[in-house]
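To start, the structure itself, in structure tokens.
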Amino acid sequence: MSFETARRMQAFETLVFSELAKRKKDKIARGEDVIDLSIGSPDLPPAPEVIACLTRNIQDPAQYGYTLTGTDEFLEAVAVYYRKRFGVALDPQTEVMMTMGSQDGLVHLPMVFANPGDIILVPDPGYTAYETGVHMAEAALYPLPLKKENGFLPDLEAIPQEVAKRAKMMILNFPGNPVPALASRTFFEQVVQFAKQYNILVVHDFAYSELVFGGQKATSFLEVEGAKEVGVEFNSLSKSFNMAGCRIGYLVGNPEVLAAFGRLKSNLDYGVFLPIQKAAALALREGRELLARSVKAYEARRDALVKGLAEAGWDIDPPQATMFAWAELPEGWTSRAFAYGLLEHAGVVVTPGDAFGKHGEGFVRIALVQSESRLSEAARRIGDFLRVYGKMKTEQAY
């Protein structure tokens, strides 16, 4: 007996990621050492205080029921965090909503506001979940090219008027994945004006809000005047607080948008485990020191990678934020040829840039999810690979 999948499943192809995973698995099975820098999964644990809070509460038999929504404690902790960190006032009952990680919201929110055929503006290159959300809503994706010459910011003036008039949503992500760029307040002010002009809902993915280096601070979209009128912001405890497996995040901003999304959410899930909500609330309330530890660790890893690659003859732009480097390839390489060749001959896994959209061609994403020593070793292997294969036709490398 066979089962035919729905037509919509044709949009959910993961060929690059699945092929890299298969090749990596095969090499490990042969006993080879592989350094995986492809997946943005934090390898650091949560702070001891957060683990202790979680441990205490899971011992309480009364905390195993459905939570349905965010607890008052969690919602208020988010509001306090935003007030102290970004100077943004939020009503915890109407302007804060708990999600099961930010991806939960990013892939489901388009179904609430876009009908089949409606346009959603999406960064290119961009996090793959954005495209997933567009396809789930059966909407049409219009790419916003992120180009080096524009500081990896989308050019709003380049969006055709007929496209802007049909657009229902615009997704943004700063600091970004895969491109670790920061957005200025001026850019967000332009976004607010553009959204008002064309009646577009702005959705800002702020999951890397705290992983910013060099003493800089990321700007929340909601800091800008008028932002709440046109948009919302997703954030998560996965990356900043190393709670990825806990699956807890939140949506903040426009109360009308949150209320509409809440109607969908009430039909999808029964909330997040209460001890996790308590641990997340603790992290948000008392997390400045905890955050500083993570930032220091990732900044040291960034420096180790960038220095090692420079010594190997490949100069890349040091990322200003996030757990990724967006590395422009040496001349003559395509993204996939480099990624497959590097895995085959050096045992280092990176993600080809075109996996995130056609404007990612010519780059690879390198995740800072290994120790400084392993990143230095990865840089050494990459240097050896480039010395041997750098002058060959790229298809010969794999």
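Labels for the structure tokens follow display order: chains A, B, ..., residues from 1 in each chain, ligands from 1.
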Kindly assemble as CSV a list of the stretch 208-264 of chain A residues that lie within 10 Å of stretch 32-43 of chain A, each paired with its nearest atom pair and their distance in Å to one decimal, using only C-alpha atoms, sorted first by chain and then by ascending residue number.
residue,atom,partner,partner_atom,distance
A:Ser238,CA,A:Pro42,CA,7.8
A:Lys239,CA,A:Pro42,CA,6.4
A:Ser240,CA,A:Pro42,CA,9.1
A:Phe241,CA,A:Pro42,CA,9.3
A:Asn242,CA,A:Pro42,CA,6.0
A:Met243,CA,A:Pro42,CA,8.3
A:Ala244,CA,A:Pro42,CA,7.1
A:Gly245,CA,A:Ser41,CA,9.3
Quick one: of A:Asp104, A:Asp91, A:Glu4, A:Glu331, who's nearest to A:Val272, counting only C-alpha atoms?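 Of A:Asp104, A:Asp91, A:Glu4, A:Glu331, the one nearest A:Val272 is A:Asp104, counting only C-alpha atoms.
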Report the closest atom pair, with its distance in Å rounded to one decimal, for each residue of stretch 177-246 of chain A that has an atom no farther than 8 Å from stretch 277-298 of chain A; count only C-alpha atoms, sort by chain and then rising residue number, and write it as JSON lines.
{"residue": "A:Glu210", "atom": "CA", "partner": "A:Leu291", "partner_atom": "CA", "distance": 7.0}
{"residue": "A:Leu211", "atom": "CA", "partner": "A:Val295", "partner_atom": "CA", "distance": 5.4}
{"residue": "A:Val212", "atom": "CA", "partner": "A:Val295", "partner_atom": "CA", "distance": 6.8}
{"residue": "A:Phe213", "atom": "CA", "partner": "A:Val295", "partner_atom": "CA", "distance": 6.8}
{"residue": "A:Leu237", "atom": "CA", "partner": "A:Ala280", "partner_atom": "CA", "distance": 7.2}
{"residue": "A:Ser240", "atom": "CA", "partner": "A:Leu291", "partner_atom": "CA", "distance": 6.4}
{"residue": "A:Phe241", "atom": "CA", "partner": "A:Leu291", "partner_atom": "CA", "distance": 6.5}
Write out as an mmCIF file with all heavy atoms, in the first residue's frame which residues come within 7 Å of A:Pro275 when counting only C-alpha atoms, dropping same-chain ones fewer than 6 positions away.
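Here's the written file part.cif:
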data_model
loop_
_atom_site.group_PDB
_atom_site.id
_atom_site.type_symbol
_atom_site.label_atom_id
_atom_site.label_comp_id
_atom_site.auth_asym_id
_atom_site.auth_seq_id
_atom_site.Cartn_x
_atom_site.Cartn_y
_atom_site.Cartn_z
ATOM 1 N N LEU A 54 15.140 24.603 37.502
ATOM 2 C CA LEU A 54 14.426 23.547 36.799
ATOM 3 C C LEU A 54 14.410 22.266 37.632
ATOM 4 O O LEU A 54 13.370 21.603 37.777
ATOM 5 C CB LEU A 54 15.099 23.317 35.446
ATOM 6 C CG LEU A 54 14.445 22.352 34.474
ATOM 7 C CD1 LEU A 54 13.042 22.809 34.125
ATOM 8 C CD2 LEU A 54 15.299 22.225 33.214
ATOM 9 N N ASN A 57 11.937 22.367 40.605
ATOM 10 C CA ASN A 57 10.515 22.366 40.270
ATOM 11 C C ASN A 57 10.026 21.070 39.658
ATOM 12 O O ASN A 57 8.842 20.739 39.783
ATOM 13 C CB ASN A 57 10.205 23.555 39.356
ATOM 14 C CG ASN A 57 10.149 24.864 40.122
ATOM 15 O OD1 ASN A 57 9.192 25.139 40.834
ATOM 16 N ND2 ASN A 57 11.200 25.671 40.006
ATOM 17 N N ILE A 58 10.904 20.316 39.000
ATOM 18 C CA ILE A 58 10.427 19.048 38.452
ATOM 19 C C ILE A 58 10.186 18.012 39.546
ATOM 20 O O ILE A 58 9.577 16.971 39.294
ATOM 21 C CB ILE A 58 11.403 18.478 37.389
ATOM 22 C CG1 ILE A 58 12.761 18.155 37.996
ATOM 23 C CG2 ILE A 58 11.523 19.412 36.209
ATOM 24 C CD1 ILE A 58 13.695 17.442 37.027
ATOM 25 N N GLN A 63 3.214 20.104 39.370
ATOM 26 C CA GLN A 63 3.566 20.946 38.227
ATOM 27 C C GLN A 63 3.531 20.205 36.892
ATOM 28 O O GLN A 63 4.121 20.647 35.913
ATOM 29 C CB GLN A 63 4.955 21.552 38.449
ATOM 30 C CG GLN A 63 4.994 22.477 39.654
ATOM 31 C CD GLN A 63 6.211 23.370 39.671
ATOM 32 O OE1 GLN A 63 6.735 23.741 38.627
ATOM 33 N NE2 GLN A 63 6.658 23.729 40.864
#
Find the residues near stretch 160-167 of chain A: any atom within 12 Å, counting only C-alpha atoms, skip ones fewer than 5 places away on the same chain, and give them as a PyMOL selection string. chain A and resi 110+113-122+134+139-144+155+194-202
My list of candidates is A:Glu131, A:Ala79, A:Glu299, A:Thr334. Which is closest to A:Gly215 when distances are computed with only C-alpha atoms?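 Once distances to A:Gly215 are computed over only C-alpha atoms, the minimum belongs to A:Glu299.
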Do you know which residues are at most 10 Å from stretch 257-266 of chain A counting only C-alpha atoms, after dropping those on the same chain fewer than 5 positions away, and could you put them as a list in words?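 Using only C-alpha atoms, the neighbours found are Leu68, Thr69, Thr94, Glu95, Val96, Met97, Met98, Thr99, Asp104, Gly105, His108, Leu109, Pro110, Met111, Val112, Phe113, Leu201, Lys228, Glu229, Val230, Gly231, Val232, Leu251, Val252 and Gly271 of chain A.
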Residues of the last selection are to be written out with N, CA, C and O atoms, as a compact mmCIF listing (two decimals), in the first residue's frame.
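Result written to out06.txt:
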# COMPACT_ATOMS: atom_id res chain seq x y z
N LEU A 68 -1.38 25.45 29.23
CA LEU A 68 -2.22 26.09 28.21
C LEU A 68 -1.60 27.35 27.63
O LEU A 68 -1.48 27.50 26.43
N THR A 69 -1.20 28.29 28.49
CA THR A 69 -0.60 29.54 28.02
C THR A 69 0.60 29.87 28.90
O THR A 69 0.97 29.10 29.78
N THR A 94 -1.50 41.62 27.42
CA THR A 94 -1.99 41.82 26.04
C THR A 94 -0.88 41.96 25.01
O THR A 94 -1.13 41.79 23.81
N GLU A 95 0.35 42.25 25.45
CA GLU A 95 1.43 42.51 24.51
C GLU A 95 2.59 41.51 24.63
O GLU A 95 3.64 41.70 24.04
N VAL A 96 2.37 40.44 25.40
CA VAL A 96 3.36 39.37 25.55
C VAL A 96 2.66 38.02 25.43
O VAL A 96 1.61 37.81 26.05
N MET A 97 3.22 37.13 24.64
CA MET A 97 2.66 35.78 24.49
C MET A 97 3.79 34.77 24.48
O MET A 97 4.81 34.97 23.82
N MET A 98 3.62 33.69 25.20
CA MET A 98 4.61 32.63 25.21
C MET A 98 4.45 31.76 23.96
O MET A 98 3.33 31.51 23.50
N THR A 99 5.59 31.29 23.41
CA THR A 99 5.58 30.35 22.30
C THR A 99 6.50 29.18 22.63
O THR A 99 7.32 29.26 23.54
N ASP A 104 8.23 28.08 16.48
CA ASP A 104 6.80 27.77 16.60
C ASP A 104 5.98 28.92 16.03
O ASP A 104 5.05 28.73 15.24
N GLY A 105 6.31 30.14 16.42
CA GLY A 105 5.57 31.29 15.94
C GLY A 105 5.90 31.66 14.51
O GLY A 105 5.00 32.00 13.73
N HIS A 108 4.03 29.43 12.05
CA HIS A 108 2.57 29.41 12.15
C HIS A 108 1.91 30.77 11.92
O HIS A 108 0.77 30.84 11.45
N LEU A 109 2.59 31.86 12.27
CA LEU A 109 1.97 33.18 12.18
C LEU A 109 1.49 33.52 10.76
O LEU A 109 0.42 34.13 10.61
N PRO A 110 2.23 33.19 9.70
CA PRO A 110 1.72 33.52 8.36
C PRO A 110 0.35 32.95 8.06
O PRO A 110 -0.42 33.55 7.30
N MET A 111 -0.01 31.80 8.63
CA MET A 111 -1.32 31.23 8.38
C MET A 111 -2.44 32.08 8.94
O MET A 111 -3.59 32.01 8.50
N VAL A 112 -2.12 32.93 9.93
CA VAL A 112 -3.13 33.78 10.55
C VAL A 112 -3.43 35.01 9.70
O VAL A 112 -4.56 35.50 9.68
N PHE A 113 -2.45 35.49 8.96
CA PHE A 113 -2.60 36.78 8.28
C PHE A 113 -2.46 36.74 6.76
O PHE A 113 -2.71 37.75 6.11
N LEU A 201 2.24 43.95 7.86
CA LEU A 201 2.61 43.50 9.19
C LEU A 201 4.10 43.15 9.21
O LEU A 201 4.56 42.32 8.42
N LYS A 228 5.00 49.31 17.38
CA LYS A 228 3.90 48.49 17.89
C LYS A 228 2.65 48.60 17.02
O LYS A 228 1.83 47.69 16.99
N GLU A 229 2.51 49.71 16.31
CA GLU A 229 1.34 49.89 15.44
C GLU A 229 1.40 48.96 14.24
O GLU A 229 0.37 48.57 13.70
N VAL A 230 2.62 48.60 13.82
CA VAL A 230 2.76 47.84 12.57
C VAL A 230 3.34 46.45 12.75
O VAL A 230 3.39 45.68 11.78
N GLY A 231 3.79 46.11 13.96
CA GLY A 231 4.49 44.84 14.02
C GLY A 231 4.66 44.19 15.37
O GLY A 231 4.20 44.70 16.41
N VAL A 232 5.37 43.07 15.30
CA VAL A 232 5.64 42.25 16.47
C VAL A 232 7.08 41.77 16.40
O VAL A 232 7.74 41.86 15.36
N LEU A 251 6.41 36.06 21.89
CA LEU A 251 6.04 37.05 20.89
C LEU A 251 5.58 38.30 21.63
O LEU A 251 4.78 38.20 22.57
N VAL A 252 6.08 39.46 21.22
CA VAL A 252 5.72 40.71 21.89
C VAL A 252 5.35 41.75 20.83
O VAL A 252 5.80 41.69 19.68
N GLY A 271 0.61 24.42 25.79
CA GLY A 271 1.54 25.19 26.60
C GLY A 271 2.87 24.49 26.85
O GLY A 271 3.12 23.38 26.37
I'd like the contact shell of A:Val179 - 9 Å cut-off, only C-alpha atoms, skipping same-chain residues fewer than 4 positions apart - returned as a PyMOL selection string. chain A and resi 125-126+146+152+173-175+319+322+324-326+365
How about saving the chosen residues, all heavy atoms kept, as a compact mmCIF listing (two decimals), in the first residue's frame?
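Contents of the output file selection.txt:
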# COMPACT_ATOMS: atom_id res chain seq x y z
N PRO A 125 19.76 35.97 1.66
CA PRO A 125 19.55 34.71 2.38
C PRO A 125 18.83 34.92 3.72
O PRO A 125 18.97 35.96 4.35
CB PRO A 125 20.97 34.20 2.59
CG PRO A 125 21.82 35.43 2.59
CD PRO A 125 21.18 36.37 1.62
N GLY A 126 18.06 33.91 4.10
CA GLY A 126 17.32 33.99 5.35
C GLY A 126 17.15 32.63 5.98
O GLY A 126 17.33 31.59 5.33
N LEU A 146 19.78 40.45 0.56
CA LEU A 146 20.71 41.00 1.55
C LEU A 146 22.09 41.00 0.92
O LEU A 146 22.73 39.96 0.82
CB LEU A 146 20.70 40.17 2.84
CG LEU A 146 19.34 39.97 3.52
CD1 LEU A 146 19.52 39.21 4.83
CD2 LEU A 146 18.63 41.29 3.76
N PHE A 152 24.14 44.32 4.11
CA PHE A 152 23.23 43.18 4.33
C PHE A 152 21.88 43.63 4.88
O PHE A 152 21.21 42.89 5.61
CB PHE A 152 23.88 42.13 5.24
CG PHE A 152 25.10 41.49 4.63
CD1 PHE A 152 26.37 41.77 5.13
CD2 PHE A 152 24.99 40.63 3.55
CE1 PHE A 152 27.51 41.20 4.56
CE2 PHE A 152 26.13 40.05 2.98
CZ PHE A 152 27.38 40.33 3.49
N ASN A 173 15.24 40.03 10.36
CA ASN A 173 16.01 39.25 11.32
C ASN A 173 17.37 39.91 11.55
O ASN A 173 18.30 39.70 10.78
CB ASN A 173 16.17 37.83 10.78
CG ASN A 173 17.05 36.93 11.62
OD1 ASN A 173 17.72 36.05 11.11
ND2 ASN A 173 17.05 37.12 12.92
N PHE A 174 17.45 40.72 12.63
CA PHE A 174 18.70 41.42 12.96
C PHE A 174 18.91 41.42 14.48
O PHE A 174 18.02 41.89 15.19
CB PHE A 174 18.67 42.86 12.43
CG PHE A 174 18.57 42.96 10.95
CD1 PHE A 174 17.37 43.25 10.33
CD2 PHE A 174 19.68 42.72 10.15
CE1 PHE A 174 17.28 43.32 8.95
CE2 PHE A 174 19.60 42.79 8.77
CZ PHE A 174 18.39 43.10 8.17
N PRO A 175 20.04 40.92 14.97
CA PRO A 175 21.12 40.24 14.26
C PRO A 175 20.60 38.97 13.60
O PRO A 175 19.70 38.31 14.12
CB PRO A 175 22.12 39.89 15.37
CG PRO A 175 21.76 40.74 16.53
CD PRO A 175 20.29 40.98 16.42
N PRO A 319 32.25 38.31 12.41
CA PRO A 319 30.84 38.62 12.68
C PRO A 319 30.69 39.55 13.88
O PRO A 319 31.42 39.44 14.86
CB PRO A 319 30.23 37.24 12.97
CG PRO A 319 31.38 36.38 13.37
CD PRO A 319 32.57 36.89 12.60
N THR A 322 25.81 37.04 16.88
CA THR A 322 25.28 35.69 16.69
C THR A 322 26.34 34.61 16.90
O THR A 322 27.46 34.90 17.29
CB THR A 322 24.59 35.49 15.31
OG1 THR A 322 25.57 35.26 14.31
CG2 THR A 322 23.72 36.65 14.94
N PHE A 324 27.30 32.68 14.37
CA PHE A 324 27.65 32.30 13.00
C PHE A 324 28.65 33.28 12.40
O PHE A 324 28.64 34.48 12.71
CB PHE A 324 26.41 32.29 12.10
CG PHE A 324 25.32 31.38 12.57
CD1 PHE A 324 24.13 31.90 13.05
CD2 PHE A 324 25.48 30.00 12.55
CE1 PHE A 324 23.12 31.07 13.49
CE2 PHE A 324 24.48 29.16 12.99
CZ PHE A 324 23.29 29.69 13.47
N ALA A 325 29.48 32.76 11.51
CA ALA A 325 30.27 33.59 10.60
C ALA A 325 29.70 33.38 9.20
O ALA A 325 29.39 32.26 8.80
CB ALA A 325 31.74 33.17 10.64
N TRP A 326 29.52 34.49 8.49
CA TRP A 326 29.03 34.46 7.10
C TRP A 326 30.25 34.75 6.23
O TRP A 326 30.66 35.89 6.06
CB TRP A 326 27.94 35.48 6.93
CG TRP A 326 27.24 35.49 5.60
CD1 TRP A 326 27.16 36.54 4.72
CD2 TRP A 326 26.46 34.43 5.02
NE1 TRP A 326 26.40 36.20 3.63
CE2 TRP A 326 25.96 34.90 3.78
CE3 TRP A 326 26.17 33.13 5.42
CZ2 TRP A 326 25.17 34.12 2.95
CZ3 TRP A 326 25.38 32.35 4.59
CH2 TRP A 326 24.88 32.83 3.38
N ARG A 365 28.03 29.41 5.67
CA ARG A 365 27.78 29.74 7.07
C ARG A 365 28.56 28.79 7.95
O ARG A 365 28.50 27.58 7.78
CB ARG A 365 26.29 29.62 7.40
CG ARG A 365 25.93 30.19 8.77
CD ARG A 365 24.52 29.83 9.17
NE ARG A 365 24.39 28.41 9.53
CZ ARG A 365 23.27 27.87 10.00
NH1 ARG A 365 22.19 28.59 10.16
NH2 ARG A 365 23.23 26.57 10.30
Among stretch 244-296 of chain A, which residues carry a DSSP assignment of helix (DSSP H, G or I), reported as a ChimeraX atom specification? /A:244-246,255-265,274-286,288-296
Just the number, please: distance in Å from atom CA of A:Ala158 to atom CA of A:Glu225, one decimal.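 That distance, rounded to one decimal, is 23.8 Å.
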To one decimal place in Å, what is the distance between atom CA of A:Tyr208 and atom CA of A:Ala321?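 These two atoms are separated by 7.6 Å.
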Considering only strand (DSSP E or B) as DSSP defines it on the backbone, what residues of stretch 48-124 of chain A qualify? List them as an mmCIF file with N, CA and C atoms, in the first residue's frame.
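Dumped to states-v7.cif:
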data_model
loop_
_atom_site.group_PDB
_atom_site.id
_atom_site.type_symbol
_atom_site.label_atom_id
_atom_site.label_comp_id
_atom_site.auth_asym_id
_atom_site.auth_seq_id
_atom_site.Cartn_x
_atom_site.Cartn_y
_atom_site.Cartn_z
ATOM 1 N N VAL A 96 2.369 40.436 25.399
ATOM 2 C CA VAL A 96 3.363 39.375 25.553
ATOM 3 C C VAL A 96 2.658 38.025 25.427
ATOM 4 N N MET A 97 3.220 37.128 24.638
ATOM 5 C CA MET A 97 2.659 35.782 24.489
ATOM 6 C C MET A 97 3.790 34.769 24.481
ATOM 7 N N MET A 98 3.624 33.689 25.201
ATOM 8 C CA MET A 98 4.609 32.626 25.206
ATOM 9 C C MET A 98 4.453 31.760 23.958
ATOM 10 N N THR A 99 5.585 31.294 23.414
ATOM 11 C CA THR A 99 5.576 30.348 22.297
ATOM 12 C C THR A 99 6.503 29.181 22.631
ATOM 13 N N ILE A 119 1.397 37.919 -0.809
ATOM 14 C CA ILE A 119 2.852 38.023 -0.805
ATOM 15 C C ILE A 119 3.393 38.238 0.606
ATOM 16 N N ILE A 120 4.467 37.518 0.920
ATOM 17 C CA ILE A 120 5.213 37.729 2.157
ATOM 18 C C ILE A 120 6.650 38.061 1.776
ATOM 19 N N LEU A 121 7.155 39.170 2.283
ATOM 20 C CA LEU A 121 8.513 39.622 1.999
ATOM 21 C C LEU A 121 9.471 38.931 2.959
ATOM 22 N N VAL A 122 10.483 38.260 2.410
ATOM 23 C CA VAL A 122 11.361 37.407 3.210
ATOM 24 C C VAL A 122 12.816 37.705 2.857
ATOM 25 N N PRO A 123 13.702 37.827 3.857
ATOM 26 C CA PRO A 123 15.119 38.075 3.553
ATOM 27 C C PRO A 123 15.753 36.922 2.791
ATOM 28 N N ASP A 124 16.648 37.265 1.869
ATOM 29 C CA ASP A 124 17.378 36.280 1.070
ATOM 30 C C ASP A 124 18.841 36.717 1.005
#
